[in-house]
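Below you'll find the structure, written out as structure tokens, and then a few comments.
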Amino acid sequence: MNIRAATKEDFPAILAIQGENAKAAHWVQQDYEKLAESGGGLLLVAEADAPASPKVIGFAALDRVIDEAELKNLAVATAHQHQGVGQALLREALARLRQAATQRVYLEVRPSNIFAVQLYASLGFVIHSRRKGYYSQPAEDAFVMALELSPQLAEKQP
């Protein structure tokens with residue numbers, strides 16, 4: 001698997017993967033374009049090594065402002081879920097954020113999205129707070145999870 005910065009050619013695949021994932025944020029192409037063009041935007045894609053697989057199998061979208069970042073969206077193609085793609089995307093994103101002197105990362109996640117909550121916790125994110133009624137269709141609260149980044153933590157992570 002290869003993790004790299006997304007290009008405009010990746011947008012159709014990103015939108016298709018997003019469409020497969022009901023719990024992912026559903027953006028339009030212009031949202032991704034704006035994020036990719038912004039100074040603090042970070043849009044990564046994961047590519048499969050196997051030639052028979054689709055080229056892009058997952059993506060992560062983050063936005064950084066000064067020394068904080070927010071994970072805006074993360075999704076993996078259904079056929080490639082639970083194979084470490086999401087974790088690889090997040091590890092690369094966190095490494096890039098550390099290089100940019102980011103101090104902390106936040107995200108919102110549905111408490112019912114157990115796999116996502118477990119993934120984030122495995123990378124050191126902790127529940128910071130709860131936002132009542134944050135999601136609709138279906139209505140649900142959100143966990144706000146946070147990860148403190150520091151050079152010491154970067155040295156200890158594999």
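We name chains A, B, ... following the order of the structure tokens; residues begin at 1 in each chain, and ligands are numbered from 1 as shown.
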
Problem set entry | Contact residues around Ala69 in chain A with only C-alpha atoms at 8 Å, ignoring same-chain residues under 3 positions, as a PyMOL selection string | chain A and resi 62-65+97+102+104-106

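Of the listed residues (A:His128, A:His82, A:Lys55, A:Lys8), A:Lys8 comes nearest to Gln29 in chain A; the distances count only C-alpha atoms.
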
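For Arg110 in chain A, the non-local neighbours within 7 Å, defined as residues at least 3 positions apart in the same chain or in other chains and counting only C-alpha atoms, are Asn113, Glu140, Asp141, Ala142 and Phe143 of chain A.
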
Exercise. Which neighbours of Val45 in chain A fall inside 9 Å, counting only C-alpha atoms, when residues of the same chain fewer than 3 positions from it are skipped, and could you give them as a list in words?
Worked result: Asn2, Ile3, Arg4, Ala5, Ala6, Thr7, Asp10, Ile14, Val56, Ile57, Gly58, Phe59, Ala60, Ala61 and Leu89 of chain A

For this session: For Met1 in chain A, please output as a VMD selection string all residues within 10 Å (counting only C-alpha atoms; exclusion window: fewer than 3 positions along the same chain).
Result: chain A and resid 4 46 to 50 56 to 57 84 to 85 88

Take the residues from that selection and put them in a file with N, CA and C atoms, as a short mmCIF file (atom, residue, chain, number, x, y, z; two decimals), in the first residue's frame.
data_model
loop_
_atom_site.label_atom_id
_atom_site.label_comp_id
_atom_site.auth_asym_id
_atom_site.auth_seq_id
_atom_site.Cartn_x
_atom_site.Cartn_y
_atom_site.Cartn_z
N ARG A 4 -0.20 8.70 -0.26
CA ARG A 4 0.32 9.90 -0.91
C ARG A 4 -0.71 11.01 -0.85
N ALA A 46 -4.86 6.32 -0.08
CA ALA A 46 -4.14 5.05 -0.02
C ALA A 46 -4.39 4.34 -1.33
N GLU A 47 -3.30 3.84 -1.92
CA GLU A 47 -3.39 3.08 -3.16
C GLU A 47 -3.06 1.62 -2.87
N ALA A 48 -3.78 0.73 -3.52
CA ALA A 48 -3.52 -0.70 -3.38
C ALA A 48 -2.27 -1.07 -4.17
N ASP A 49 -1.53 -2.06 -3.65
CA ASP A 49 -0.35 -2.56 -4.35
C ASP A 49 -0.75 -3.49 -5.50
N ALA A 50 -1.81 -4.25 -5.30
CA ALA A 50 -2.21 -5.24 -6.29
C ALA A 50 -2.79 -4.56 -7.53
N VAL A 56 -7.33 3.79 -5.92
CA VAL A 56 -7.48 4.43 -4.61
C VAL A 56 -8.43 3.59 -3.77
N ILE A 57 -7.97 3.20 -2.56
CA ILE A 57 -8.79 2.33 -1.71
C ILE A 57 -9.20 3.00 -0.40
N GLY A 84 -6.23 -2.55 7.79
CA GLY A 84 -5.18 -1.62 8.18
C GLY A 84 -5.05 -0.37 7.32
N VAL A 85 -5.95 -0.19 6.36
CA VAL A 85 -5.86 0.96 5.47
C VAL A 85 -6.12 2.26 6.24
N ALA A 88 -3.19 3.06 8.48
CA ALA A 88 -2.04 3.54 7.72
C ALA A 88 -2.24 4.99 7.29
#

Problem set entry | Computed interatomic separation between CA of Pro51 in chain A and CA of Phe115 in chain A (Å) | 27.7 Å

Taking 5 positions as the minimum chain separation for residues in the same chain, which residues sit within 10 Å of Ala100 in chain A when counting only C-alpha atoms? Answer as a short mmCIF file (atom, residue, chain, number, x, y, z; two decimals) with C-alpha atoms, in the first residue's frame.
data_model
loop_
_atom_site.label_atom_id
_atom_site.label_comp_id
_atom_site.auth_asym_id
_atom_site.auth_seq_id
_atom_site.Cartn_x
_atom_site.Cartn_y
_atom_site.Cartn_z
CA GLY A 40 -3.69 23.92 6.13
CA ARG A 64 -4.90 22.39 10.17
CA ILE A 66 -2.02 27.15 13.41
CA ASP A 67 -1.09 24.30 15.80
CA LEU A 94 -0.19 12.26 12.07
CA ALA A 95 3.44 12.08 10.93
#

For this session: Please provide the set of residues having any atom within 10 Å of Val109 in chain A, restricted to only C-alpha atoms, with same-chain residues fewer than 6 positions apart removed, written as an NGL selection string.
Result: :A and (23-24 or 71 or 73 or 116-117 or 120 or 127 or 130-131 or 134-135 or 140-145)

For this session: Kindly give the distance, in Å, that separates CA of Ser122 in chain A and CA of Gln99 in chain A, rounded to a single decimal.
Result: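 Taking CA of Ser122 in chain A as the start and CA of Gln99 in chain A as the end point, the length is 21.1 Å.
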
For this session: For CA of Ile17 in chain A and CA of Ala93 in chain A, determine how far apart the two atoms are, in Å to one decimal place.
Result: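 Here the two named atoms are 18.5 Å from each other.
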
Exercise. Chain A: which residues are alpha helix (DSSP H) by DSSP, as a ChimeraX atom specification?
Worked result: /A:11-20,29-37,85-99,114-122,151-156

Exercise. Between A:Gly133, A:Gly41, A:Val28, A:Glu70, which one has atoms that come closest to Ala16 in chain A, using only C-alpha atoms?
Worked result: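 Looking at the shortest contact to Ala16 in chain A, the residue is A:Val28.
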
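Minimum distance to Thr78 in chain A across A:Leu44, A:Ala121, A:Leu90, A:Ala22 (counting only C-alpha atoms) occurs at A:Ala22.
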